[in-house]
>>> print(open('input-v6.txt').read())   # compact mmCIF, N, CA and C atoms
# COMPACT_ATOMS: atom_id res chain seq x y z
N MET A 301 13.52 -27.23 19.60
CA MET A 301 14.72 -26.47 19.86
C MET A 301 15.43 -26.11 18.56
N ALA A 302 15.50 -27.10 17.64
CA ALA A 302 16.16 -26.84 16.35
C ALA A 302 15.43 -25.74 15.59
N GLN A 303 14.10 -25.74 15.64
CA GLN A 303 13.33 -24.70 14.97
C GLN A 303 13.62 -23.34 15.57
N GLY A 304 13.75 -23.29 16.90
CA GLY A 304 14.09 -22.03 17.56
C GLY A 304 15.43 -21.50 17.11
N CYS A 305 16.41 -22.38 16.96
CA CYS A 305 17.74 -21.97 16.49
C CYS A 305 17.67 -21.46 15.07
N LYS A 306 16.90 -22.14 14.22
CA LYS A 306 16.75 -21.71 12.83
C LYS A 306 16.12 -20.31 12.78
N ASN A 307 15.08 -20.09 13.60
CA ASN A 307 14.42 -18.78 13.63
C ASN A 307 15.38 -17.71 14.13
N TYR A 308 16.19 -18.03 15.13
CA TYR A 308 17.14 -17.07 15.66
C TYR A 308 18.17 -16.68 14.60
N GLU A 309 18.64 -17.66 13.82
CA GLU A 309 19.58 -17.38 12.73
C GLU A 309 18.92 -16.47 11.69
N SER A 310 17.66 -16.75 11.36
CA SER A 310 16.94 -15.92 10.39
C SER A 310 16.78 -14.51 10.91
N TYR A 311 16.55 -14.38 12.21
CA TYR A 311 16.35 -13.08 12.84
C TYR A 311 17.62 -12.23 12.75
N LEU A 312 18.77 -12.87 12.91
CA LEU A 312 20.04 -12.14 12.94
C LEU A 312 20.72 -12.04 11.58
N LYS A 313 20.24 -12.77 10.61
CA LYS A 313 20.89 -12.85 9.31
C LYS A 313 21.01 -11.49 8.63
N ASP A 314 22.15 -11.30 7.97
CA ASP A 314 22.34 -10.12 7.14
C ASP A 314 21.91 -10.50 5.73
N TYR A 315 20.85 -9.89 5.24
CA TYR A 315 20.29 -10.25 3.93
C TYR A 315 20.98 -9.52 2.79
N GLY A 316 21.98 -8.73 3.11
CA GLY A 316 22.70 -8.01 2.06
C GLY A 316 21.85 -6.89 1.49
N GLU A 317 22.12 -6.56 0.26
CA GLU A 317 21.38 -5.49 -0.41
C GLU A 317 20.06 -6.06 -0.95
N PHE A 318 18.98 -5.39 -0.64
CA PHE A 318 17.66 -5.84 -1.08
C PHE A 318 17.38 -5.40 -2.51
N GLN A 319 16.69 -6.25 -3.23
CA GLN A 319 16.25 -5.94 -4.58
C GLN A 319 14.77 -5.56 -4.52
N TYR A 320 14.46 -4.35 -4.96
CA TYR A 320 13.07 -3.91 -4.93
C TYR A 320 12.82 -2.88 -6.02
N GLN A 321 11.54 -2.71 -6.32
CA GLN A 321 11.10 -1.69 -7.27
C GLN A 321 9.98 -0.90 -6.64
N GLU A 322 9.96 0.39 -6.92
CA GLU A 322 8.89 1.25 -6.45
C GLU A 322 7.97 1.56 -7.61
N GLU A 323 6.67 1.33 -7.41
CA GLU A 323 5.67 1.63 -8.43
C GLU A 323 4.50 2.33 -7.76
N GLU A 324 4.26 3.56 -8.15
CA GLU A 324 3.22 4.40 -7.55
C GLU A 324 3.37 4.40 -6.04
N ASN A 325 2.39 3.86 -5.31
CA ASN A 325 2.44 3.88 -3.84
C ASN A 325 3.00 2.59 -3.24
N ASP A 326 3.36 1.63 -4.06
CA ASP A 326 3.78 0.33 -3.57
C ASP A 326 5.25 0.06 -3.84
N VAL A 327 5.81 -0.81 -3.00
CA VAL A 327 7.18 -1.28 -3.16
C VAL A 327 7.08 -2.78 -3.39
N TYR A 328 7.79 -3.28 -4.37
CA TYR A 328 7.80 -4.72 -4.68
C TYR A 328 9.18 -5.26 -4.34
N LEU A 329 9.24 -6.03 -3.27
CA LEU A 329 10.48 -6.62 -2.79
C LEU A 329 10.65 -8.01 -3.38
N THR A 330 11.81 -8.27 -3.96
CA THR A 330 12.13 -9.62 -4.43
C THR A 330 12.91 -10.32 -3.33
N LEU A 331 12.32 -11.38 -2.79
CA LEU A 331 12.94 -12.13 -1.71
C LEU A 331 14.07 -13.00 -2.24
N SER A 332 14.92 -13.49 -1.36
CA SER A 332 16.02 -14.35 -1.78
C SER A 332 15.49 -15.65 -2.40
N SER A 333 14.24 -16.02 -2.10
CA SER A 333 13.62 -17.20 -2.69
C SER A 333 13.13 -16.95 -4.12
N GLY A 334 13.12 -15.67 -4.54
CA GLY A 334 12.64 -15.31 -5.86
C GLY A 334 11.20 -14.80 -5.85
N GLU A 335 10.48 -15.00 -4.75
CA GLU A 335 9.11 -14.51 -4.64
C GLU A 335 9.11 -12.99 -4.54
N THR A 336 8.01 -12.38 -4.97
CA THR A 336 7.87 -10.93 -4.89
C THR A 336 6.77 -10.58 -3.90
N VAL A 337 7.08 -9.66 -3.00
CA VAL A 337 6.15 -9.22 -1.96
C VAL A 337 5.75 -7.78 -2.25
N ARG A 338 4.46 -7.53 -2.21
CA ARG A 338 3.93 -6.16 -2.37
C ARG A 338 3.81 -5.53 -0.99
N ILE A 339 4.41 -4.35 -0.83
CA ILE A 339 4.43 -3.66 0.45
C ILE A 339 4.04 -2.20 0.21
N ARG A 340 3.27 -1.64 1.13
CA ARG A 340 2.93 -0.22 1.06
C ARG A 340 3.34 0.45 2.37
N PHE A 341 4.19 1.45 2.25
CA PHE A 341 4.65 2.21 3.41
C PHE A 341 3.81 3.46 3.56
N GLY A 342 3.36 3.70 4.78
CA GLY A 342 2.62 4.91 5.09
C GLY A 342 3.37 5.72 6.12
N LYS A 343 2.77 6.81 6.51
CA LYS A 343 3.40 7.70 7.48
C LYS A 343 3.56 7.02 8.84
N ASN A 344 2.55 6.22 9.25
CA ASN A 344 2.54 5.60 10.57
C ASN A 344 2.55 4.08 10.58
N SER A 345 2.47 3.47 9.39
CA SER A 345 2.40 2.01 9.34
C SER A 345 2.85 1.49 7.99
N VAL A 346 3.02 0.18 7.94
CA VAL A 346 3.38 -0.50 6.71
C VAL A 346 2.41 -1.66 6.52
N LYS A 347 2.03 -1.91 5.27
CA LYS A 347 1.12 -3.01 4.95
C LYS A 347 1.88 -4.01 4.09
N ILE A 348 1.87 -5.26 4.51
CA ILE A 348 2.46 -6.36 3.74
C ILE A 348 1.29 -7.14 3.16
N TYR A 349 1.11 -7.04 1.87
CA TYR A 349 -0.03 -7.68 1.21
C TYR A 349 0.16 -9.19 1.16
N GLU A 350 -0.93 -9.90 1.43
CA GLU A 350 -0.96 -11.37 1.39
C GLU A 350 0.20 -11.98 2.16
N SER A 351 0.44 -11.48 3.35
CA SER A 351 1.59 -11.92 4.15
C SER A 351 1.52 -13.41 4.49
N TYR A 352 0.32 -13.98 4.51
CA TYR A 352 0.17 -15.40 4.82
C TYR A 352 0.94 -16.29 3.84
N ARG A 353 1.28 -15.78 2.68
CA ARG A 353 1.96 -16.57 1.64
C ARG A 353 3.46 -16.73 1.90
N TYR A 354 4.02 -15.99 2.84
CA TYR A 354 5.47 -15.91 2.93
C TYR A 354 6.11 -16.64 4.10
N GLY A 355 5.36 -17.23 4.99
CA GLY A 355 5.88 -18.08 6.06
C GLY A 355 7.12 -17.55 6.75
N ASP A 356 8.18 -18.36 6.74
CA ASP A 356 9.41 -18.00 7.46
C ASP A 356 10.18 -16.85 6.82
N THR A 357 9.81 -16.43 5.64
CA THR A 357 10.51 -15.29 5.03
C THR A 357 10.10 -13.97 5.67
N VAL A 358 9.24 -14.05 6.69
CA VAL A 358 8.83 -12.84 7.39
C VAL A 358 10.04 -12.12 7.98
N TYR A 359 11.07 -12.84 8.36
CA TYR A 359 12.28 -12.20 8.90
C TYR A 359 12.94 -11.33 7.84
N GLU A 360 13.03 -11.85 6.64
CA GLU A 360 13.63 -11.09 5.53
C GLU A 360 12.78 -9.87 5.21
N ILE A 361 11.49 -10.04 5.21
CA ILE A 361 10.56 -8.93 4.92
C ILE A 361 10.71 -7.83 5.96
N ILE A 362 10.73 -8.20 7.23
CA ILE A 362 10.85 -7.20 8.30
C ILE A 362 12.22 -6.53 8.26
N ALA A 363 13.27 -7.26 7.94
CA ALA A 363 14.60 -6.65 7.79
C ALA A 363 14.56 -5.59 6.70
N PHE A 364 13.86 -5.89 5.59
CA PHE A 364 13.71 -4.91 4.51
C PHE A 364 12.91 -3.70 4.99
N VAL A 365 11.83 -3.95 5.71
CA VAL A 365 10.99 -2.85 6.22
C VAL A 365 11.85 -1.89 7.03
N TYR A 366 12.71 -2.41 7.87
CA TYR A 366 13.59 -1.55 8.66
C TYR A 366 14.56 -0.77 7.78
N ASP A 367 15.21 -1.44 6.84
CA ASP A 367 16.17 -0.77 5.96
C ASP A 367 15.50 0.32 5.13
N TYR A 368 14.39 -0.02 4.50
CA TYR A 368 13.69 0.92 3.63
C TYR A 368 13.16 2.11 4.43
N SER A 369 12.61 1.83 5.61
CA SER A 369 12.08 2.90 6.46
C SER A 369 13.16 3.88 6.86
N GLU A 370 14.31 3.34 7.21
CA GLU A 370 15.42 4.21 7.59
C GLU A 370 15.85 5.07 6.41
N GLU A 371 15.92 4.46 5.24
CA GLU A 371 16.31 5.17 4.02
C GLU A 371 15.32 6.30 3.69
N LYS A 372 14.04 6.07 3.93
CA LYS A 372 13.01 7.04 3.58
C LYS A 372 12.61 7.98 4.71
N GLY A 373 13.21 7.79 5.89
CA GLY A 373 12.93 8.69 7.01
C GLY A 373 11.73 8.33 7.85
N TYR A 374 11.21 7.11 7.73
CA TYR A 374 10.13 6.66 8.60
C TYR A 374 10.77 6.18 9.90
N GLU A 375 10.17 6.55 11.02
CA GLU A 375 10.74 6.18 12.32
C GLU A 375 9.93 5.03 12.92
N ILE A 376 10.59 3.90 13.11
CA ILE A 376 9.96 2.73 13.71
C ILE A 376 10.49 2.56 15.12
N SER A 377 9.60 2.64 16.10
CA SER A 377 10.04 2.49 17.49
C SER A 377 9.87 1.06 18.00
N ARG A 378 9.12 0.24 17.28
CA ARG A 378 8.95 -1.16 17.68
C ARG A 378 10.17 -1.96 17.24
N GLY A 379 10.47 -2.99 18.01
CA GLY A 379 11.58 -3.87 17.67
C GLY A 379 11.22 -4.83 16.54
N LYS A 380 12.24 -5.36 15.91
CA LYS A 380 12.02 -6.32 14.82
C LYS A 380 11.23 -7.53 15.28
N ALA A 381 11.56 -8.05 16.47
CA ALA A 381 10.87 -9.23 16.97
C ALA A 381 9.37 -8.97 17.12
N GLU A 382 9.01 -7.78 17.57
CA GLU A 382 7.60 -7.45 17.74
C GLU A 382 6.88 -7.38 16.39
N LEU A 383 7.53 -6.80 15.38
CA LEU A 383 6.92 -6.75 14.04
C LEU A 383 6.81 -8.15 13.44
N VAL A 384 7.84 -8.97 13.64
CA VAL A 384 7.78 -10.37 13.19
C VAL A 384 6.61 -11.06 13.88
N GLY A 385 6.46 -10.83 15.19
CA GLY A 385 5.38 -11.45 15.95
C GLY A 385 4.01 -11.04 15.47
N GLU A 386 3.82 -9.75 15.16
CA GLU A 386 2.51 -9.31 14.68
C GLU A 386 2.22 -9.89 13.30
N CYS A 387 3.23 -9.97 12.47
CA CYS A 387 3.04 -10.57 11.15
C CYS A 387 2.67 -12.05 11.30
N ARG A 388 3.36 -12.74 12.20
CA ARG A 388 3.04 -14.15 12.46
C ARG A 388 1.63 -14.30 13.03
N LEU A 389 1.20 -13.34 13.85
CA LEU A 389 -0.15 -13.37 14.39
C LEU A 389 -1.17 -13.28 13.26
N HIS A 390 -0.98 -12.34 12.35
CA HIS A 390 -1.86 -12.23 11.18
C HIS A 390 -1.89 -13.55 10.40
N ASN A 391 -0.71 -14.10 10.16
CA ASN A 391 -0.60 -15.32 9.36
C ASN A 391 -1.25 -16.51 10.05
N GLY A 392 -1.07 -16.61 11.37
CA GLY A 392 -1.69 -17.70 12.11
C GLY A 392 -3.21 -17.61 12.11
N LEU A 393 -3.71 -16.40 12.32
CA LEU A 393 -5.17 -16.20 12.30
C LEU A 393 -5.73 -16.52 10.92
N TYR A 394 -5.02 -16.12 9.89
CA TYR A 394 -5.47 -16.41 8.53
C TYR A 394 -5.51 -17.92 8.29
N SER A 395 -4.48 -18.62 8.75
CA SER A 395 -4.38 -20.06 8.48
C SER A 395 -5.48 -20.86 9.17
N VAL A 396 -6.02 -20.34 10.28
CA VAL A 396 -7.13 -21.05 10.94
C VAL A 396 -8.49 -20.53 10.46
N GLY A 397 -8.48 -19.63 9.49
CA GLY A 397 -9.73 -19.16 8.89
C GLY A 397 -10.39 -18.00 9.61
N TYR A 398 -9.70 -17.35 10.53
CA TYR A 398 -10.29 -16.25 11.29
C TYR A 398 -10.27 -14.97 10.48
N ARG A 399 -11.43 -14.43 10.18
CA ARG A 399 -11.58 -13.14 9.47
C ARG A 399 -10.54 -12.97 8.36
N ARG A 400 -10.59 -13.85 7.43
CA ARG A 400 -9.57 -13.89 6.38
C ARG A 400 -9.41 -12.58 5.61
N LYS A 401 -10.49 -11.85 5.39
CA LYS A 401 -10.36 -10.56 4.69
C LYS A 401 -9.49 -9.58 5.48
N GLN A 402 -9.60 -9.62 6.81
CA GLN A 402 -8.83 -8.70 7.65
C GLN A 402 -7.43 -9.23 7.96
N THR A 403 -7.22 -10.55 7.93
CA THR A 403 -5.94 -11.11 8.36
C THR A 403 -5.02 -11.52 7.20
N GLN A 404 -5.51 -11.44 5.96
CA GLN A 404 -4.65 -11.84 4.84
C GLN A 404 -3.47 -10.90 4.64
N ASP A 405 -3.64 -9.63 4.97
CA ASP A 405 -2.57 -8.64 4.89
C ASP A 405 -2.14 -8.29 6.31
N SER A 406 -0.86 -8.01 6.48
CA SER A 406 -0.37 -7.57 7.79
C SER A 406 -0.22 -6.06 7.78
N ASP A 407 -0.99 -5.38 8.62
CA ASP A 407 -0.89 -3.94 8.81
C ASP A 407 -0.12 -3.71 10.10
N LEU A 408 1.09 -3.22 9.98
CA LEU A 408 1.97 -3.07 11.14
C LEU A 408 2.24 -1.60 11.42
N GLU A 409 1.82 -1.15 12.60
CA GLU A 409 2.07 0.23 12.99
C GLU A 409 3.52 0.37 13.43
N TYR A 410 4.11 1.52 13.19
CA TYR A 410 5.51 1.76 13.55
C TYR A 410 5.72 1.89 15.05
N THR A 411 4.71 2.34 15.79
CA THR A 411 4.87 2.54 17.24
C THR A 411 4.25 1.39 18.02
N ALA A 412 2.97 1.15 17.87
CA ALA A 412 2.27 0.07 18.56
C ALA A 412 0.87 -0.04 17.97
N ASP A 413 0.28 -1.20 18.09
CA ASP A 413 -1.10 -1.38 17.68
C ASP A 413 -1.99 -0.73 18.74
N SER A 414 -3.15 -0.27 18.35
CA SER A 414 -4.06 0.39 19.30
C SER A 414 -4.70 -0.62 20.26
N ARG A 415 -4.61 -1.91 19.96
CA ARG A 415 -5.21 -2.94 20.81
C ARG A 415 -4.12 -3.58 21.69
N TRP A 416 -4.29 -3.52 22.99
CA TRP A 416 -3.28 -4.03 23.92
C TRP A 416 -2.98 -5.49 23.70
N TYR A 417 -4.01 -6.30 23.40
CA TYR A 417 -3.80 -7.74 23.25
C TYR A 417 -3.01 -8.07 21.99
N VAL A 418 -3.11 -7.25 20.95
CA VAL A 418 -2.29 -7.46 19.75
C VAL A 418 -0.84 -7.16 20.08
N ASN A 419 -0.59 -6.09 20.83
CA ASN A 419 0.78 -5.76 21.25
C ASN A 419 1.38 -6.88 22.09
N TRP A 420 0.61 -7.40 23.04
CA TRP A 420 1.10 -8.46 23.91
C TRP A 420 1.41 -9.72 23.10
N LEU A 421 0.46 -10.13 22.26
CA LEU A 421 0.68 -11.33 21.45
C LEU A 421 1.84 -11.16 20.46
N SER A 422 1.98 -9.96 19.91
CA SER A 422 3.09 -9.68 18.98
C SER A 422 4.43 -9.85 19.68
N LYS A 423 4.53 -9.31 20.88
CA LYS A 423 5.78 -9.46 21.64
C LYS A 423 6.03 -10.93 21.97
N PHE A 424 5.00 -11.61 22.41
CA PHE A 424 5.12 -13.02 22.77
C PHE A 424 5.54 -13.86 21.57
N LEU A 425 4.83 -13.71 20.47
CA LEU A 425 5.14 -14.50 19.27
C LEU A 425 6.49 -14.13 18.67
N GLY A 426 6.84 -12.87 18.74
CA GLY A 426 8.12 -12.42 18.20
C GLY A 426 9.31 -12.99 18.95
N TRP A 427 9.21 -13.06 20.27
CA TRP A 427 10.33 -13.58 21.07
C TRP A 427 10.21 -15.07 21.27
N TRP A 428 9.01 -15.60 21.31
CA TRP A 428 8.83 -17.03 21.54
C TRP A 428 9.42 -17.86 20.42
N VAL A 429 9.28 -17.40 19.19
CA VAL A 429 9.78 -18.18 18.05
C VAL A 429 11.29 -18.12 17.95
N ILE A 430 11.91 -17.17 18.64
CA ILE A 430 13.37 -17.06 18.56
C ILE A 430 14.03 -18.03 19.46
>>> encode(input="input-v6.txt", output="structure tokens")
Amino acid sequence: MAQGCKNYESYLKDYGEFQYQEEENDVYLTLSSGETVRIRFGKNSVKIYESYRYGDTVYEIIAFVYDYSEEKGYEISRGKAELVGECRLHNGLYSVGYRRKQTQDSDLEYTADSRWYVNWLSKFLGWWVI
């Protein structure tokens, strides 16, 4: 229960102004922990490189994805919880050794994943952890 409350606080937290740099096609976000995350925004999706390394900071990363996307005119129709859930799905699969080359990075579509079971699990994991 305590973990659920902590996740809910992280989900609702205002992270203030994000610190980031843009280099060529990538954005480098500096997290509040001091770690740097490499992110690539596309027309229909965003890629978070080596997302397995960031654990609970996924909330901060997704909050940035929303802010940056809005600033740049990318339209995201999925909710934050669903994006958090898909990122957690990638990270969980990576941690158990499942297709590590494919699961080390989180590729998140702005509308929905083409696979129904990924959408379902993303929604479940996104809301379950809250």
>>> atom_distance(input="input-v6.txt", atom1="atom C of Tyr366 (chain A)", atom2="CA of Arg400 (chain A)")
27.5 Å
>>> atom_distance(input="input-v6.txt", atom1="atom N of Tyr315 (chain A)", atom2="CA of Gln402 (chain A)")
29.8 Å
>>> select_by_dssp(input="input-v6.txt", residues="region 312-416 of chain A", states="alpha helix (DSSP H)", output="PyMOL selection string")
chain A and resi 312+358-372+380-395+400-403+416
>>> residues_around(input="input-v6.txt", residues="region 371-375 of chain A", least_positions_apart="4", cutoff="7 Å", atoms="only N, CA and C atoms", output="PDB file with N, CA and C atoms, in the frame of the given file")
ATOM      1  N   LYS A 343       2.770   6.810   6.510  1.00  0.00           N
ATOM      2  CA  LYS A 343       3.400   7.700   7.480  1.00  0.00           C
ATOM      3  C   LYS A 343       3.560   7.020   8.840  1.00  0.00           C
ATOM      4  N   TYR A 366      12.710  -2.410   7.870  1.00  0.00           N
ATOM      5  CA  TYR A 366      13.590  -1.550   8.660  1.00  0.00           C
ATOM      6  C   TYR A 366      14.560  -0.770   7.780  1.00  0.00           C
ATOM      7  N   ASP A 367      15.210  -1.440   6.840  1.00  0.00           N
ATOM      8  CA  ASP A 367      16.170  -0.770   5.960  1.00  0.00           C
ATOM      9  C   ASP A 367      15.500   0.320   5.130  1.00  0.00           C
ATOM     10  N   TYR A 410       4.110   1.520  13.190  1.00  0.00           N
ATOM     11  CA  TYR A 410       5.510   1.760  13.550  1.00  0.00           C
ATOM     12  C   TYR A 410       5.720   1.890  15.050  1.00  0.00           C
ATOM     13  N   THR A 411       4.710   2.340  15.790  1.00  0.00           N
ATOM     14  CA  THR A 411       4.870   2.540  17.240  1.00  0.00           C
ATOM     15  C   THR A 411       4.250   1.390  18.020  1.00  0.00           C
TER      16      THR A 411
END
>>> residues_near_point(input="input-v6.txt", point="(12.6, -3.3, -9.4)", cutoff="12 Å", atoms="only C-alpha atoms", output="compact mmCIF listing (two decimals) with N, CA and C atoms, in the coordinates of the input")
# COMPACT_ATOMS: atom_id res chain seq x y z
N PHE A 318 18.98 -5.39 -0.64
CA PHE A 318 17.66 -5.84 -1.08
C PHE A 318 17.38 -5.40 -2.51
N GLN A 319 16.69 -6.25 -3.23
CA GLN A 319 16.25 -5.94 -4.58
C GLN A 319 14.77 -5.56 -4.52
N TYR A 320 14.46 -4.35 -4.96
CA TYR A 320 13.07 -3.91 -4.93
C TYR A 320 12.82 -2.88 -6.02
N GLN A 321 11.54 -2.71 -6.32
CA GLN A 321 11.10 -1.69 -7.27
C GLN A 321 9.98 -0.90 -6.64
N GLU A 322 9.96 0.39 -6.92
CA GLU A 322 8.89 1.25 -6.45
C GLU A 322 7.97 1.56 -7.61
N GLU A 323 6.67 1.33 -7.41
CA GLU A 323 5.67 1.63 -8.43
C GLU A 323 4.50 2.33 -7.76
N ASP A 326 3.36 1.63 -4.06
CA ASP A 326 3.78 0.33 -3.57
C ASP A 326 5.25 0.06 -3.84
N VAL A 327 5.81 -0.81 -3.00
CA VAL A 327 7.18 -1.28 -3.16
C VAL A 327 7.08 -2.78 -3.39
N TYR A 328 7.79 -3.28 -4.37
CA TYR A 328 7.80 -4.72 -4.68
C TYR A 328 9.18 -5.26 -4.34
N LEU A 329 9.24 -6.03 -3.27
CA LEU A 329 10.48 -6.62 -2.79
C LEU A 329 10.65 -8.01 -3.38
N THR A 330 11.81 -8.27 -3.96
CA THR A 330 12.13 -9.62 -4.43
C THR A 330 12.91 -10.32 -3.33
N LEU A 331 12.32 -11.38 -2.79
CA LEU A 331 12.94 -12.13 -1.71
C LEU A 331 14.07 -13.00 -2.24
N THR A 336 8.01 -12.38 -4.97
CA THR A 336 7.87 -10.93 -4.89
C THR A 336 6.77 -10.58 -3.90
N VAL A 337 7.08 -9.66 -3.00
CA VAL A 337 6.15 -9.22 -1.96
C VAL A 337 5.75 -7.78 -2.25
N ARG A 338 4.46 -7.53 -2.21
CA ARG A 338 3.93 -6.16 -2.37
C ARG A 338 3.81 -5.53 -0.99
>>> select_by_dssp(input="input-v6.txt", residues="region 320-407 of chain A", states="strand (DSSP E or B)", output="PyMOL selection string")
chain A and resi 320-323+326-330+336-341+345-348+406-407
>>> closest_residue(input="input-v6.txt", among="A:Ser369, A:Thr357, A:Asn344, A:Asn391", to="Gln404 (chain A)", atoms="all atoms listed in the file")
A:Asn391
>>> residues_near_point(input="input-v6.txt", point="(9.4, -6.7, 11.7)", cutoff="7 Å", atoms="only C-alpha atoms", output="list in words")
Tyr359, Ile362, Ala363, Val365, Gly379, Lys380, Ala381, Glu382, Leu383 and Val384 of chain A
>>> residues_around(input="input-v6.txt", residues="Ser351 (chain A)", least_positions_apart="3", cutoff="5 Å", atoms="all atoms listed in the file", output="list in words")
Ile348, Tyr354, Gln404, Asp405 and Ser406 of chain A
>>> atom_distance(input="input-v6.txt", atom1="CA of Phe364 (chain A)", atom2="CA of Asp314 (chain A)")
10.4 Å
